[in-house]
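Engineer: This is coords_37.cif (mmCIF, C-alpha atoms and all ligand atoms).
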```
data_start
loop_
_atom_site.label_atom_id
_atom_site.label_comp_id
_atom_site.auth_asym_id
_atom_site.auth_seq_id
_atom_site.Cartn_x
_atom_site.Cartn_y
_atom_site.Cartn_z
CA MET A 1 -32.16 7.01 36.83
CA ARG A 2 -28.75 6.25 35.35
CA PRO A 3 -26.13 9.01 35.59
CA PHE A 4 -26.01 11.17 32.45
CA SER A 5 -22.64 9.80 31.33
CA THR A 6 -23.94 6.25 31.42
CA VAL A 7 -26.82 7.16 29.12
CA ILE A 8 -24.40 8.64 26.60
CA ALA A 9 -22.19 5.58 26.77
CA PHE A 10 -25.14 3.32 25.97
CA SER A 11 -26.20 5.34 22.95
CA ALA A 12 -22.66 5.59 21.65
CA VAL A 13 -22.34 1.84 21.77
CA ALA A 14 -25.62 1.49 19.94
CA LEU A 15 -24.32 3.69 17.10
CA HIS A 16 -21.05 1.81 17.06
CA ALA A 17 -22.89 -1.46 16.80
CA THR A 18 -24.56 -0.35 13.57
CA ASN A 19 -21.22 -0.43 11.77
CA THR A 20 -19.75 -3.53 10.26
CA HIS A 21 -16.50 -3.67 12.18
CA ALA A 22 -15.69 -5.28 15.48
CA ILE A 23 -16.78 -3.41 18.59
CA PRO A 24 -13.86 -2.73 20.94
CA PRO A 25 -14.08 -5.22 23.80
CA GLN A 26 -14.27 -2.44 26.36
CA ALA A 27 -17.37 -1.03 24.69
CA VAL A 28 -19.21 -4.29 25.17
CA PHE A 29 -18.79 -3.96 28.90
CA ILE A 30 -19.52 -0.31 29.10
CA SER A 31 -22.90 -0.84 30.74
CA SER A 32 -21.25 -2.32 33.80
CA ALA A 33 -18.09 -0.24 33.72
CA ALA A 34 -19.53 3.06 32.51
CA ASP A 35 -18.28 5.03 35.46
CA SER A 36 -14.64 4.06 34.90
CA TYR A 37 -14.41 3.59 31.12
CA SER A 38 -12.78 6.50 29.28
CA GLY A 39 -14.19 5.52 25.88
CA ILE A 40 -10.64 5.00 24.61
CA PRO A 41 -9.33 1.44 24.11
CA ASP A 42 -5.94 0.90 25.74
CA VAL A 43 -3.02 -0.72 23.91
CA LYS A 44 -2.55 -3.10 26.83
CA ASP A 45 -5.90 -4.65 25.85
CA ALA A 46 -4.94 -4.93 22.15
CA VAL A 47 -6.62 -7.88 20.48
CA ASN A 48 -4.69 -8.10 17.19
CA PRO A 49 -0.89 -7.65 17.57
CA ILE A 50 -0.76 -6.10 14.08
CA CYS A 51 -2.83 -3.22 15.43
CA ILE A 52 -0.41 -2.34 18.25
CA PRO A 53 1.56 0.39 16.37
CA PHE A 54 -1.74 2.00 15.41
CA TYR A 55 -2.57 2.78 19.04
CA GLY A 56 0.50 5.04 19.15
CA LEU A 57 -0.35 6.55 15.77
CA ARG A 58 -3.92 7.11 16.99
CA ASP A 59 -2.62 9.07 19.99
CA ALA A 60 -0.17 11.08 17.86
CA ILE A 61 -3.05 12.16 15.61
CA MET A 62 -5.97 12.41 18.03
CA GLY A 63 -3.85 13.93 20.82
CA GLY A 64 -0.87 15.57 19.12
CA LEU A 65 -2.74 17.02 16.14
CA PHE A 66 -6.39 17.24 17.24
CA GLN A 67 -6.07 17.55 21.03
CA GLY A 68 -9.19 15.41 21.22
CA ARG A 69 -11.35 18.06 19.57
CA CYS A 70 -12.88 19.06 16.24
CA ASN A 71 -10.07 21.57 15.66
CA LEU A 72 -8.68 22.89 12.36
CA ASN A 73 -6.44 19.85 11.94
CA ALA A 74 -9.32 17.40 12.51
CA LYS A 75 -11.41 19.17 9.88
CA ALA A 76 -8.53 19.30 7.42
CA ALA A 77 -7.82 15.60 8.05
CA ILE A 78 -11.32 14.66 6.91
CA ARG A 79 -10.90 16.77 3.80
CA ILE A 80 -7.43 15.41 2.96
CA SER A 81 -8.73 11.84 3.13
CA PHE A 82 -11.17 12.75 0.36
CA HIS A 83 -8.61 14.69 -1.68
CA ASP A 84 -6.21 11.74 -1.46
CA ALA A 85 -8.71 9.14 -2.71
CA GLY A 86 -11.12 11.30 -4.76
CA PRO A 87 -9.10 11.63 -7.97
CA PHE A 88 -9.63 7.88 -8.49
CA SER A 89 -11.33 7.12 -11.81
CA LEU A 90 -12.95 3.88 -12.94
CA ALA A 91 -12.58 5.04 -16.56
CA SER A 92 -8.84 5.55 -16.13
CA GLN A 93 -8.62 2.14 -14.49
CA ALA A 94 -10.40 0.51 -17.43
CA ALA A 95 -8.06 2.30 -19.84
CA GLY A 96 -4.98 1.21 -17.89
CA LEU A 97 -3.97 4.84 -17.24
CA PRO A 98 -2.12 6.10 -14.13
CA ASN A 99 -4.69 6.43 -11.36
CA SER A 100 -5.32 7.63 -7.84
CA GLY A 101 -6.92 6.05 -4.79
CA ALA A 102 -6.75 5.84 -1.01
CA ASP A 103 -2.99 5.46 -1.09
CA GLY A 104 -1.59 8.47 0.79
CA SER A 105 0.00 9.95 -2.34
CA ILE A 106 -1.08 13.41 -1.21
CA ILE A 107 1.46 13.36 1.66
CA VAL A 108 4.18 11.77 -0.46
CA TYR A 109 4.16 13.94 -3.60
CA PRO A 110 4.31 17.68 -2.72
CA GLU A 111 3.25 18.50 -6.28
CA GLU A 112 -0.32 17.43 -5.47
CA LEU A 113 -0.48 20.20 -2.88
CA THR A 114 0.35 22.88 -5.46
CA ARG A 115 -2.99 22.26 -7.20
CA ASP A 116 -5.65 24.92 -6.58
CA LEU A 117 -8.27 22.46 -5.33
CA ASN A 118 -5.84 21.24 -2.66
CA ASN A 119 -5.33 24.75 -1.27
CA GLY A 120 -5.61 24.74 2.50
CA LEU A 121 -4.36 21.17 2.89
CA GLN A 122 -0.65 22.00 3.07
CA THR A 123 -0.55 22.28 6.87
CA ILE A 124 -2.26 18.97 7.61
CA ALA A 125 -0.19 17.25 4.89
CA GLY A 126 2.99 18.58 6.51
CA LEU A 127 1.87 17.32 9.92
CA LEU A 128 0.96 13.86 8.65
CA ALA A 129 3.98 13.39 6.34
CA PRO A 130 6.52 12.33 9.04
CA LEU A 131 4.17 9.79 10.65
CA PRO A 132 4.64 6.84 8.24
CA ASP A 133 8.36 6.68 9.04
CA GLN A 134 7.82 7.41 12.70
CA PHE A 135 5.35 4.53 13.13
CA ASN A 136 6.60 2.28 10.32
CA VAL A 137 3.24 2.24 8.55
CA SER A 138 2.23 3.28 5.04
CA PRO A 139 1.25 6.83 4.00
CA GLY A 140 -2.19 5.58 2.99
CA ASP A 141 -2.79 4.09 6.43
CA VAL A 142 -1.82 7.42 8.03
CA VAL A 143 -4.03 9.60 5.80
CA HIS A 144 -7.07 7.37 6.15
CA LEU A 145 -6.70 6.79 9.88
CA ALA A 146 -6.45 10.59 10.23
CA GLY A 147 -9.71 10.98 8.30
CA THR A 148 -11.48 8.42 10.46
CA LEU A 149 -10.18 10.02 13.66
CA GLY A 150 -11.17 13.48 12.37
CA LEU A 151 -14.74 12.23 12.18
CA LEU A 152 -14.58 10.99 15.77
CA ALA A 153 -13.00 14.23 16.96
CA CYS A 154 -16.03 16.09 15.61
CA PRO A 155 -19.07 15.29 17.81
CA GLY A 156 -21.77 13.60 15.76
CA GLY A 157 -19.20 11.94 13.52
CA PRO A 158 -19.66 8.18 13.19
CA SER A 159 -17.16 5.42 13.68
CA THR A 160 -15.94 3.77 10.48
CA THR A 161 -13.79 0.71 9.96
CA VAL A 162 -10.03 1.24 10.30
CA PHE A 163 -8.31 -0.81 7.62
CA VAL A 164 -4.53 -1.06 7.70
CA GLY A 165 -1.93 -2.55 5.38
CA ARG A 166 -2.21 -0.29 2.33
CA PRO A 167 0.84 -0.47 0.07
CA PRO A 168 2.86 2.70 -0.72
CA PRO A 169 1.40 4.90 -3.50
CA ARG A 170 2.43 3.90 -7.00
CA ASN A 171 2.34 7.37 -8.56
CA ILE A 172 1.27 10.98 -8.13
CA ALA A 173 -2.51 11.36 -8.42
CA PRO A 174 -3.45 12.54 -11.93
CA ASP A 175 -4.56 16.18 -12.00
CA GLY A 176 -8.04 17.40 -12.97
CA PHE A 177 -10.17 14.79 -11.21
CA LEU A 178 -11.16 16.52 -7.96
CA PRO A 179 -14.67 18.01 -7.87
CA ASN A 180 -15.05 21.76 -8.00
CA SER A 181 -17.97 23.62 -6.39
CA ALA A 182 -18.52 25.48 -9.67
CA HIS A 183 -19.16 22.24 -11.58
CA SER A 184 -22.75 21.42 -12.57
CA ILE A 185 -24.67 18.81 -10.58
CA GLU A 186 -24.71 16.64 -13.67
CA PHE A 187 -20.93 16.84 -13.96
CA LEU A 188 -20.39 16.20 -10.24
CA THR A 189 -22.74 13.22 -10.26
CA ALA A 190 -20.83 11.75 -13.21
CA ARG A 191 -17.48 12.42 -11.50
CA PHE A 192 -18.62 10.64 -8.31
CA ALA A 193 -20.03 7.78 -10.39
CA ASP A 194 -16.60 7.50 -11.99
CA MET A 195 -15.14 7.21 -8.48
CA GLY A 196 -17.68 4.42 -7.81
CA PHE A 197 -20.17 6.40 -5.69
CA SER A 198 -23.94 6.56 -6.17
CA GLU A 199 -25.87 9.84 -6.07
CA ARG A 200 -26.94 9.03 -2.52
CA GLU A 201 -23.41 8.27 -1.37
CA MET A 202 -22.27 11.58 -2.88
CA VAL A 203 -24.98 13.49 -1.00
CA THR A 204 -24.09 11.59 2.19
CA LEU A 205 -20.38 12.33 1.90
CA VAL A 206 -20.79 16.09 1.40
CA GLY A 207 -22.61 16.10 4.75
CA VAL A 208 -19.19 16.56 6.37
CA HIS A 209 -19.30 20.13 5.10
CA SER A 210 -21.30 20.51 8.33
CA ILE A 211 -17.98 21.18 10.11
CA GLY A 212 -16.31 22.92 7.16
CA LYS A 213 -15.30 26.42 6.26
CA GLN A 214 -14.03 28.12 3.12
CA MET A 215 -10.87 30.09 2.51
CA PHE A 216 -10.54 30.16 -1.25
CA ILE A 217 -14.01 30.41 -2.82
CA ASP A 218 -15.09 33.87 -1.64
CA PRO A 219 -12.22 36.11 -0.46
CA THR A 220 -14.73 38.50 1.14
CA LYS A 221 -15.87 35.77 3.57
CA ILE A 222 -12.70 33.99 4.61
CA ASN A 223 -13.37 31.42 7.35
CA ALA A 224 -17.12 31.49 6.70
CA THR A 225 -18.56 28.12 7.69
CA PHE A 226 -21.06 25.97 5.78
CA ASP A 227 -23.62 25.98 8.61
CA THR A 228 -24.17 27.80 11.88
CA THR A 229 -22.87 24.89 14.01
CA PRO A 230 -19.37 24.21 12.58
CA ASP A 231 -18.07 22.35 15.63
CA VAL A 232 -20.55 19.47 15.41
CA LEU A 233 -21.18 17.10 12.53
CA ASP A 234 -24.92 17.60 12.57
CA THR A 235 -27.61 17.53 9.90
CA ARG A 236 -28.30 21.24 10.41
CA PHE A 237 -26.03 21.66 7.36
CA TYR A 238 -28.62 19.88 5.22
CA THR A 239 -31.49 22.01 6.58
CA GLU A 240 -29.72 25.35 6.26
CA THR A 241 -28.45 24.59 2.74
CA ARG A 242 -31.87 23.50 1.53
CA ASP A 243 -33.42 26.61 3.06
CA GLY A 244 -30.71 28.89 1.62
CA LYS A 245 -29.94 30.19 5.10
CA VAL A 246 -26.86 32.42 5.13
CA THR A 247 -25.59 34.55 8.02
CA PRO A 248 -22.65 37.00 8.12
CA HIS A 249 -20.47 34.05 9.24
CA THR A 250 -21.74 31.34 6.90
CA ILE A 251 -21.64 30.67 3.18
CA LEU A 252 -23.16 28.04 0.92
CA LEU A 253 -21.28 26.26 -1.85
CA ASP A 254 -23.08 26.33 -5.22
CA SER A 255 -22.55 22.57 -5.49
CA ASP A 256 -24.21 21.91 -2.11
CA VAL A 257 -27.15 24.18 -2.97
CA GLY A 258 -27.50 22.32 -6.27
CA PHE A 259 -27.53 18.93 -4.53
CA ALA A 260 -30.11 20.23 -2.05
CA THR A 261 -32.49 21.67 -4.61
CA GLN A 262 -32.16 19.80 -7.91
CA PRO A 263 -34.36 16.74 -8.54
CA PRO A 264 -31.80 13.97 -8.92
CA THR A 265 -30.19 14.60 -5.54
CA ALA A 266 -32.75 16.65 -3.58
CA LYS A 267 -34.65 13.56 -2.39
CA HIS A 268 -31.50 12.14 -0.81
CA TRP A 269 -30.69 15.54 0.71
CA GLU A 270 -34.17 15.77 2.19
CA SER A 271 -33.89 12.30 3.75
CA PHE A 272 -31.13 13.47 6.10
CA ILE A 273 -32.94 16.54 7.37
CA GLY A 274 -33.60 16.03 11.07
CA ASN A 275 -32.27 12.47 10.86
CA GLN A 276 -28.81 12.46 12.40
CA THR A 277 -28.86 8.72 13.06
CA LEU A 278 -29.63 7.85 9.44
CA TRP A 279 -26.92 10.19 8.19
CA ALA A 280 -24.33 8.77 10.60
CA ILE A 281 -25.07 5.19 9.54
CA ASP A 282 -25.03 6.01 5.81
CA TYR A 283 -21.97 8.21 6.16
CA ALA A 284 -19.98 5.50 7.93
CA ALA A 285 -20.63 3.10 5.04
CA ALA A 286 -19.75 5.67 2.36
CA HIS A 287 -16.60 6.80 4.14
CA GLU A 288 -15.47 3.22 4.59
CA LYS A 289 -15.72 2.83 0.81
CA LEU A 290 -13.76 6.07 0.36
CA SER A 291 -11.02 4.80 2.65
CA VAL A 292 -10.17 1.91 0.31
CA LEU A 293 -11.07 3.54 -3.00
CA GLY A 294 -8.96 2.45 -5.95
CA LEU A 295 -7.00 -0.23 -4.10
CA ASP A 296 -6.60 -3.54 -5.92
CA PRO A 297 -9.17 -6.17 -4.84
CA GLU A 298 -6.30 -8.42 -3.64
CA THR A 299 -4.94 -5.53 -1.55
CA VAL A 300 -8.36 -4.86 -0.04
CA ALA A 301 -8.79 -8.55 0.76
CA GLY A 302 -5.49 -8.50 2.65
CA LEU A 303 -6.19 -5.38 4.74
CA ILE A 304 -6.47 -5.86 8.50
CA ASP A 305 -9.38 -4.45 10.51
CA CYS A 306 -7.89 -2.39 13.35
CA SER A 307 -11.12 -0.73 14.44
CA GLU A 308 -10.29 -1.96 17.94
CA ILE A 309 -8.19 1.19 18.40
CA LEU A 310 -11.11 3.60 17.97
CA PRO A 311 -12.64 5.68 20.74
CA LEU A 312 -16.40 5.68 21.11
CA PRO A 313 -18.25 8.06 18.80
CA ILE A 314 -20.08 10.92 20.49
CA ASP A 315 -23.80 10.61 19.79
CA ILE A 316 -25.09 14.20 19.74
CA THR A 317 -28.74 13.11 19.59
CA LYS A 318 -28.52 12.53 23.34
CA LEU A 319 -27.05 15.97 24.00
CA LEU A 320 -29.79 18.22 22.66
CA VAL A 321 -31.29 21.11 24.54
CA PRO A 322 -34.71 19.78 25.62
CA GLY A 323 -38.01 21.43 24.74
CA PRO A 324 -39.60 22.98 21.64
CA VAL A 325 -37.48 25.06 19.28
CA GLU A 326 -38.63 28.39 17.90
CA GLY A 327 -39.39 28.66 14.22
CA GLY A 328 -39.41 24.89 13.65
CA GLU A 329 -35.59 24.76 13.60
CA GLU A 330 -33.71 21.64 14.66
CA PRO A 331 -32.82 21.50 18.38
CA MET A 332 -29.31 22.62 19.33
CA VAL A 333 -26.65 20.56 21.05
CA ASP A 334 -26.27 21.69 24.66
CA PRO A 335 -22.69 23.03 24.92
CA VAL A 336 -22.40 22.17 28.62
CA LYS A 337 -23.42 18.55 28.07
CA LEU A 338 -21.15 18.34 25.02
CA GLU A 339 -18.17 19.60 26.98
CA ALA A 340 -18.87 17.10 29.78
CA VAL A 341 -18.99 14.20 27.32
CA THR A 342 -15.89 15.43 25.49
CA ARG A 343 -13.95 15.63 28.76
CA ARG A 344 -15.10 12.16 29.73
CA TYR A 345 -14.61 10.28 26.45
CA ARG A 346 -11.65 12.14 24.95
CA SER A 347 -9.83 12.58 28.30
CA ILE A 348 -6.26 11.51 27.51
CA TRP A 349 -5.96 13.76 24.47
CA LEU A 350 -7.29 17.06 25.75
CA ALA A 351 -4.79 19.90 26.07
C1 LIG B 401 -19.10 17.83 -4.78
C2 LIG B 401 -18.09 17.51 -4.04
C3 LIG B 401 -17.31 18.50 -3.22
C4 LIG B 401 -17.00 19.79 -3.49
C5 LIG B 401 -17.33 20.58 -4.74
C6 LIG B 401 -16.28 20.29 -2.34
C7 LIG B 401 -15.80 21.56 -2.23
C8 LIG B 401 -15.24 22.10 -1.07
C9 LIG B 401 -14.80 23.45 -0.93
C10 LIG B 401 -14.83 24.50 -2.03
C11 LIG B 401 -14.35 23.60 0.32
C12 LIG B 401 -13.75 24.86 0.94
C13 LIG B 401 -12.26 24.91 0.63
C14 LIG B 401 -11.70 26.24 1.05
O1 LIG B 401 -11.97 27.23 0.37
O2 LIG B 401 -10.97 26.30 2.07
C15 LIG B 401 -14.52 22.35 1.00
C16 LIG B 401 -14.21 22.11 2.31
C17 LIG B 401 -14.29 20.89 2.89
N1 LIG B 401 -14.62 19.70 2.28
FE1 LIG B 401 -15.44 19.50 0.46
N2 LIG B 401 -16.18 19.31 -1.42
C18 LIG B 401 -16.78 18.19 -1.92
C19 LIG B 401 -16.87 16.96 -1.31
C20 LIG B 401 -16.30 16.66 -0.12
C21 LIG B 401 -16.21 15.33 0.43
C22 LIG B 401 -16.74 14.09 -0.26
C23 LIG B 401 -15.58 15.44 1.63
C24 LIG B 401 -15.23 14.36 2.61
C25 LIG B 401 -15.73 13.19 2.65
C26 LIG B 401 -15.29 16.84 1.86
C27 LIG B 401 -14.74 17.36 2.97
C28 LIG B 401 -14.53 18.70 3.20
C29 LIG B 401 -14.15 19.27 4.48
C30 LIG B 401 -13.99 18.50 5.79
C31 LIG B 401 -14.01 20.63 4.29
C32 LIG B 401 -13.64 21.67 5.34
C33 LIG B 401 -12.15 21.72 5.54
C34 LIG B 401 -11.75 22.71 6.61
O3 LIG B 401 -12.61 23.39 7.20
O4 LIG B 401 -10.53 22.80 6.82
N3 LIG B 401 -15.72 17.54 0.75
N4 LIG B 401 -15.05 21.44 0.12
#
```
Let me see whether you can do it: turn the structure in this file into structure tokens.
Structural biologist:
Amino acid sequence: MRPFSTVIAFSAVALHATNTHAIPPQAVFISSAADSYSGIPDVKDAVNPICIPFYGLRDAIMGGLFQGRCNLNAKAAIRISFHDAGPFSLASQAAGLPNSGADGSIIVYPEELTRDLNNGLQTIAGLLAPLPDQFNVSPGDVVHLAGTLGLLACPGGPSTTVFVGRPPPRNIAPDGFLPNSAHSIEFLTARFADMGFSEREMVTLVGVHSIGKQMFIDPTKINATFDTTPDVLDTRFYTETRDGKVTPHTILLDSDVGFATQPPTAKHWESFIGNQTLWAIDYAAAHEKLSVLGLDPETVAGLIDCSEILPLPIDITKLLVPGPVEGGEEPMVDPVKLEAVTRRYRSIWLA
């Protein structure tokens, strides 16, 4: 039998291979070098010279801010990548109005952070803001690399393409375009369609609430999480939301409950229940779209794929506690196995 770590390495590569971007060269050889490979590509093996500064930026974010784990900064980084790009509007684009997009404006214009729906993002914005100058890269590249790395810091999160070369933001993102959990499902579906996302992509993207918490919706439950396993990006979020499961430490957003139970979106919601692999594949594609939302087609065509810098994703489907689960619930991730994999494949960044 192969050692446990080797098995994980194989499955992580398999998940990686489902994405469209290049697989880091080290990952290809992981079957023969599994015992020595850390899961983290080294700058000395850089393939594209343009990507070299992004290795340092990767370490500043994944090590300096996340310490290799799904900590508060990693979670906030995923959210800020959405709040940066999400105010994009196809209708505004067609009308020639000022617009938003995946441009990093949220760390450039402090006024965006004074908006209610951006509450809670001030700390991560402040931590990311100095990095463009420090690494001589654009604010958009910093925000969207941080989002991608946040996903990889949270076990279960998939690998998505790292595009670099975004131009500086043209303007402050127009106000009033971010979705609100009190909006109707009809309204939210229309708002996501105006961003360019299908109903299914919308349902896929909100799956990251699996690692989320709330501070500003219900003041009586500050820090309540959106599922009972907030340190892993698992599909338990979909199950618990559909079932209306709430504990003293969890809370459900009205919007998520609506997606889970109302006909236009419920079928997509249902498809992810118990299907971590499907969610991870679909999520990677939707997040990749988010990471270039609103950029001009010529800009997108000129972006460089620097996915070579990414560490391996951690495939939690190989880390489950074996055996039947009481009450028909989904199996849990074994914390001891998870810690072993985290120490092995996030080694250089751990505090
Ligand atoms: C219908 C669309 C959405 C609504 C209404 C919504 C709403 C919310 C709300 C109310 C919170 C809690 C904020 C707080 O009180 O602290 C939250 C957290 C979060 N959201 Fe969303 N969200 C939506 C879509 C998304 C998308 C598309 C993403 C990313 C792709 C995302 C990522 C996150 C993350 C990661 C958190 C947790 C942040 C943390 O724990 O620090 N959300 N969202």
Engineer: Go through A:Gly120, A:Pro219, A:Pro130, A:Pro139 and flag the residue nearest ligand LIG 401 (chain B), using only C-alpha atoms and all ligand atoms for the distances.
Structural biologist: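 For ligand LIG 401 (chain B), the nearest of the given residues is A:Gly120.
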Engineer: Taking all atoms listed in the file into account, which of A:Asn223, A:Gln67, A:Asn171, A:Thr229 comes nearest ligand LIG 401 (chain B)?
Structural biologist: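 For ligand LIG 401 (chain B), the nearest of the given residues is A:Asn223.
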Engineer: Please check which protein, DNA or RNA residues sit within 6 Å of ligand LIG 401 (chain B), counting only C-alpha atoms and all ligand atoms, and write them as a list in words.
Structural biologist: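 With only C-alpha atoms and all ligand atoms and a cut-off of 6 Å, ligand LIG 401 (chain B) is contacted by Leu72, Lys75, Ala76, Ile78, Arg79, Phe82, Gly120, Pro179, Asn180, Ser181, Leu188, Leu205, Val206, Val208, His209, Gly212, Lys213, Gln214, Met215, Phe216, Ile217 and Ser255 of chain A.
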Engineer: Check the smallest atom-to-atom distance from each of A:Asn71, A:Asn136, A:Ser291, A:Ser210 to Ala85 in chain A using only C-alpha atoms, then report the winner.
Structural biologist: A:Ser291
Engineer: Out of A:Trp349, A:Phe226, A:Phe272, A:Phe192, which residue has the shortest atom-to-atom distance to Val257 in chain A when counting only C-alpha atoms?
Structural biologist: A:Phe226
Engineer: Mind listing as a list of chain:residue names all residues within 9 Å of (-5.3, -3.5, 14.9), counting only C-alpha atoms?
Structural biologist: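 Residues lying no farther than 9 Å from the given point: A:Ala46, A:Val47, A:Asn48, A:Pro49, A:Ile50, A:Cys51, A:Ile52, A:Pro53, A:Phe54, A:Tyr55, A:Val162, A:Phe163, A:Val164, A:Ile304, A:Asp305, A:Cys306, A:Ser307, A:Glu308, A:Ile309.
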Engineer: Work out how far CA of Tyr345 in chain A is from CA of Leu312 in chain A, in Å to one decimal.
Structural biologist: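 Going from CA of Leu312 in chain A over to CA of Tyr345 in chain A covers 7.3 Å.
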Engineer: Please measure the separation of CA of Glu186 in chain A and CA of Phe259 in chain A, giving the value in Å to one decimal.
Structural biologist: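 For CA of Glu186 in chain A relative to CA of Phe259 in chain A, the distance reads 9.8 Å.
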Engineer: Which residue, A:Leu90, A:Pro311, A:Lys289, A:Lys267, has the smallest gap to Ser347 in chain A when you use all atoms listed in the file?
Structural biologist: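 That would be A:Pro311, the residue with the smallest distance to Ser347 in chain A.
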Engineer: Can you list, as a VMD selection string, every protein, DNA or RNA residue that comes within 7 Å of Thr204 in chain A when you count only C-alpha atoms, leaving out same-chain residues fewer than 3 positions away?
Structural biologist: chain A and resid 200 to 201 207 279 282 to 283
Engineer: Find, counting all atoms listed in the file, the residue in A:Cys70, A:Ala285, A:Leu57, A:Ile80 that gets nearest to Ser138 in chain A.
Structural biologist: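 Residue with the minimum atom-to-atom distance to Ser138 in chain A: A:Leu57.
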Engineer: Between CA of Ala351 in chain A and CA of Pro132 in chain A, measure the distance and give it in Å to one decimal.
Structural biologist: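 Going from CA of Ala351 in chain A over to CA of Pro132 in chain A, I get 24.0 Å.
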Engineer: Within 9 Å of range 172-177 of chain A, counting only C-alpha atoms, which residues qualify if same-chain residues fewer than 6 places away don't, as a list in words?
Structural biologist: Asp84, Ala85, Gly86, Pro87, Phe88, Ser89, Pro98, Asn99, Ser100, Gly101, Ser105, Ile106, Val108, Tyr109, Glu111, Glu112, Arg115 and Arg191 of chain A
Engineer: Residues within 10 Å of (-31.8, 13.0, 8.0), file coordinates, counting all atoms listed in the file: what are they? Give the list as a PDB file with C-alpha atoms, in the frame of the given file.
Structural biologist:
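As a result, result.pdb now contains:
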```
ATOM      1  CA  THR A 204     -24.090  11.590   2.190  1.00  0.00           C
ATOM      2  CA  ASP A 234     -24.920  17.600  12.570  1.00  0.00           C
ATOM      3  CA  THR A 235     -27.610  17.530   9.900  1.00  0.00           C
ATOM      4  CA  ARG A 236     -28.300  21.240  10.410  1.00  0.00           C
ATOM      5  CA  TYR A 238     -28.620  19.880   5.220  1.00  0.00           C
ATOM      6  CA  THR A 239     -31.490  22.010   6.580  1.00  0.00           C
ATOM      7  CA  HIS A 268     -31.500  12.140  -0.810  1.00  0.00           C
ATOM      8  CA  TRP A 269     -30.690  15.540   0.710  1.00  0.00           C
ATOM      9  CA  GLU A 270     -34.170  15.770   2.190  1.00  0.00           C
ATOM     10  CA  SER A 271     -33.890  12.300   3.750  1.00  0.00           C
ATOM     11  CA  PHE A 272     -31.130  13.470   6.100  1.00  0.00           C
ATOM     12  CA  ILE A 273     -32.940  16.540   7.370  1.00  0.00           C
ATOM     13  CA  GLY A 274     -33.600  16.030  11.070  1.00  0.00           C
ATOM     14  CA  ASN A 275     -32.270  12.470  10.860  1.00  0.00           C
ATOM     15  CA  GLN A 276     -28.810  12.460  12.400  1.00  0.00           C
ATOM     16  CA  THR A 277     -28.860   8.720  13.060  1.00  0.00           C
ATOM     17  CA  LEU A 278     -29.630   7.850   9.440  1.00  0.00           C
ATOM     18  CA  TRP A 279     -26.920  10.190   8.190  1.00  0.00           C
ATOM     19  CA  ALA A 280     -24.330   8.770  10.600  1.00  0.00           C
ATOM     20  CA  ASP A 282     -25.030   6.010   5.810  1.00  0.00           C
TER      21      ASP A 282
END
```
